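Have a look at the structure below, then the notes.
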Amino acid sequence: TILRSEDDGLSWYALTSGSADQLSDVVFTDYHTGFAVGGSSSLLWTTNSRDWFSRDMGVSVSISSLSFASNSKTGVAVGASSTILRTDD
């Protein structure tokens, strides 16, 4: 489950993530584009802040954290077993 607020955090409502994995980090690169990572190498993304889609990260470890550079195209994810992943798109 991902929680969303449209009133600066006064109220929240649940969105279905489509993933059974526990999510550990959510990052937005702009108002609508966001990414979430978690167990079993889950990567979820949205382009409208409401509908979430999954993508295989190509590893079999839990991902714990995600960060994007200021240009929003370069991202780094870190996880179990000293895993470090990078994307430029």
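Identifiers in this document derive from the order of the structure tokens: chains are assigned A, B, ..., residues are numbered from 1 separately in each chain, and ligands are numbered from 1 in order of occurrence.
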
| field | Every residue of chain A that DSSP places in strand (DSSP E or B), as a ChimeraX atom specification | value | /A:2-4,13-15,23-28,34-38,42-46,53-56,63-68,75-79,83-87

Write out the residues from the selection above, keeping N, CA and C atoms, as a tab-separated table (two decimals), in the first residue's frame.
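What ended up in selection-v7.tsv:
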```tsv
chain	number	residue	atom	x	y	z
A	2	ILE	N	0.50	2.21	-0.78
A	2	ILE	CA	1.16	3.52	-0.81
A	2	ILE	C	0.12	4.53	-0.38
A	3	LEU	N	0.50	5.43	0.51
A	3	LEU	CA	-0.41	6.46	0.98
A	3	LEU	C	-0.16	7.75	0.22
A	4	ARG	N	-1.25	8.47	-0.08
A	4	ARG	CA	-1.17	9.71	-0.86
A	4	ARG	C	-1.95	10.80	-0.15
A	13	TYR	N	-4.99	8.89	1.83
A	13	TYR	CA	-5.76	7.75	1.35
A	13	TYR	C	-4.82	6.74	0.71
A	14	ALA	N	-5.25	5.49	0.77
A	14	ALA	CA	-4.40	4.38	0.32
A	14	ALA	C	-4.55	4.14	-1.17
A	15	LEU	N	-3.43	3.88	-1.82
A	15	LEU	CA	-3.40	3.46	-3.21
A	15	LEU	C	-2.90	2.02	-3.25
A	23	LEU	N	7.49	-2.38	0.84
A	23	LEU	CA	8.23	-1.30	0.21
A	23	LEU	C	9.05	-0.57	1.27
A	24	SER	N	10.26	-0.15	0.89
A	24	SER	CA	11.15	0.46	1.86
A	24	SER	C	11.49	1.91	1.57
A	25	ASP	N	11.27	2.38	0.34
A	25	ASP	CA	11.61	3.77	0.01
A	25	ASP	C	10.75	4.24	-1.15
A	26	VAL	N	10.33	5.49	-1.09
A	26	VAL	CA	9.57	6.13	-2.17
A	26	VAL	C	10.23	7.47	-2.46
A	27	VAL	N	10.49	7.74	-3.74
A	27	VAL	CA	11.14	8.98	-4.16
A	27	VAL	C	10.36	9.55	-5.34
A	28	PHE	N	10.10	10.86	-5.30
A	28	PHE	CA	9.48	11.54	-6.44
A	28	PHE	C	10.50	12.47	-7.06
A	34	GLY	N	7.14	9.20	-9.71
A	34	GLY	CA	7.70	8.64	-8.49
A	34	GLY	C	8.13	7.20	-8.67
A	35	PHE	N	8.99	6.75	-7.77
A	35	PHE	CA	9.52	5.40	-7.77
A	35	PHE	C	9.47	4.86	-6.36
A	36	ALA	N	9.20	3.57	-6.22
A	36	ALA	CA	9.22	2.90	-4.93
A	36	ALA	C	10.00	1.61	-5.08
A	37	VAL	N	10.77	1.26	-4.05
A	37	VAL	CA	11.57	0.03	-4.06
A	37	VAL	C	11.30	-0.76	-2.79
A	38	GLY	N	11.64	-2.07	-2.87
A	38	GLY	CA	11.44	-2.90	-1.69
A	38	GLY	C	11.95	-4.31	-1.88
A	42	SER	N	11.77	-5.35	-5.92
A	42	SER	CA	10.61	-4.63	-6.46
A	42	SER	C	10.98	-3.21	-6.86
A	43	LEU	N	10.54	-2.81	-8.02
A	43	LEU	CA	10.61	-1.42	-8.45
A	43	LEU	C	9.24	-1.05	-8.98
A	44	LEU	N	8.63	-0.06	-8.40
A	44	LEU	CA	7.35	0.45	-8.87
A	44	LEU	C	7.56	1.88	-9.33
A	45	TRP	N	6.79	2.32	-10.32
A	45	TRP	CA	6.88	3.71	-10.75
A	45	TRP	C	5.52	4.21	-11.15
A	46	THR	N	5.38	5.53	-11.09
A	46	THR	CA	4.15	6.20	-11.47
A	46	THR	C	4.49	7.45	-12.26
A	53	PHE	N	3.07	1.01	-11.50
A	53	PHE	CA	3.43	-0.09	-12.39
A	53	PHE	C	4.72	-0.72	-11.89
A	54	SER	N	4.92	-2.00	-12.16
A	54	SER	CA	6.13	-2.67	-11.68
A	54	SER	C	7.09	-2.95	-12.83
A	55	ARG	N	8.35	-3.04	-12.47
A	55	ARG	CA	9.41	-3.37	-13.42
A	55	ARG	C	10.43	-4.24	-12.71
A	56	ASP	N	10.94	-5.24	-13.41
A	56	ASP	CA	11.96	-6.12	-12.86
A	56	ASP	C	13.30	-5.40	-12.89
A	63	ILE	N	15.84	-4.42	-2.25
A	63	ILE	CA	16.36	-3.07	-2.46
A	63	ILE	C	15.84	-2.19	-1.33
A	64	SER	N	16.74	-1.47	-0.67
A	64	SER	CA	16.33	-0.72	0.52
A	64	SER	C	16.20	0.78	0.32
A	65	SER	N	16.91	1.33	-0.66
A	65	SER	CA	16.90	2.78	-0.81
A	65	SER	C	17.12	3.17	-2.26
A	66	LEU	N	16.61	4.34	-2.62
A	66	LEU	CA	16.68	4.84	-3.99
A	66	LEU	C	16.90	6.35	-3.93
A	67	SER	N	17.74	6.85	-4.82
A	67	SER	CA	17.99	8.29	-4.87
A	67	SER	C	18.20	8.71	-6.32
A	68	PHE	N	17.74	9.91	-6.66
A	68	PHE	CA	17.92	10.45	-8.01
A	68	PHE	C	18.68	11.75	-7.95
A	75	GLY	N	19.68	7.66	-11.43
A	75	GLY	CA	19.26	7.15	-10.13
A	75	GLY	C	20.17	6.04	-9.65
A	76	VAL	N	20.25	5.90	-8.34
A	76	VAL	CA	21.04	4.85	-7.70
A	76	VAL	C	20.17	4.15	-6.68
A	77	ALA	N	20.18	2.82	-6.72
A	77	ALA	CA	19.47	2.01	-5.75
A	77	ALA	C	20.47	1.13	-5.03
A	78	VAL	N	20.27	0.95	-3.72
A	78	VAL	CA	21.15	0.08	-2.94
A	78	VAL	C	20.31	-0.95	-2.22
A	79	GLY	N	20.93	-2.11	-1.98
A	79	GLY	CA	20.18	-3.17	-1.34
A	79	GLY	C	21.07	-4.19	-0.66
A	83	THR	N	24.54	-4.71	-2.89
A	83	THR	CA	24.06	-4.42	-4.25
A	83	THR	C	23.94	-2.92	-4.47
A	84	ILE	N	24.50	-2.45	-5.58
A	84	ILE	CA	24.36	-1.06	-6.00
A	84	ILE	C	23.96	-1.08	-7.46
A	85	LEU	N	22.84	-0.43	-7.78
A	85	LEU	CA	22.35	-0.38	-9.16
A	85	LEU	C	22.27	1.09	-9.58
A	86	ARG	N	22.49	1.34	-10.86
A	86	ARG	CA	22.44	2.70	-11.39
A	86	ARG	C	21.60	2.71	-12.67
A	87	THR	N	20.85	3.78	-12.85
A	87	THR	CA	20.11	3.98	-14.09
A	87	THR	C	20.37	5.39	-14.61
```

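For the residues A:Ala20, A:Thr33, A:Ser49, A:Gly39, ranking by smallest atom-to-atom distance to Ser5 in chain A using only C-alpha atoms places A:Ser49 first.
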
| request: Measure the distance from CA of Ser11 in chain A to CA of His32 in chain A in Å and round it to one decimal. | output: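 Going from CA of Ser11 in chain A over to CA of His32 in chain A covers 18.4 Å.
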
| task | Work out how far apart CA of Ser60 in chain A and CA of Ser40 in chain A are and give it in Å to one decimal. | result |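 Separation between CA of Ser60 in chain A and CA of Ser40 in chain A: 5.9 Å.
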
| message | Given only C-alpha atoms as the basis, pick out the residue of A:Gly58, A:Lys73, A:Ser41, A:Asp51 nearest to Asp89 in chain A. | response |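 For Asp89 in chain A, the nearest of the given residues is A:Lys73.
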
| query | CA of Trp52 in chain A to CA of Asp21 in chain A: how many Å, to one decimal? | reply |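 Straight-line distance from CA of Trp52 in chain A to CA of Asp21 in chain A works out to 13.6 Å.
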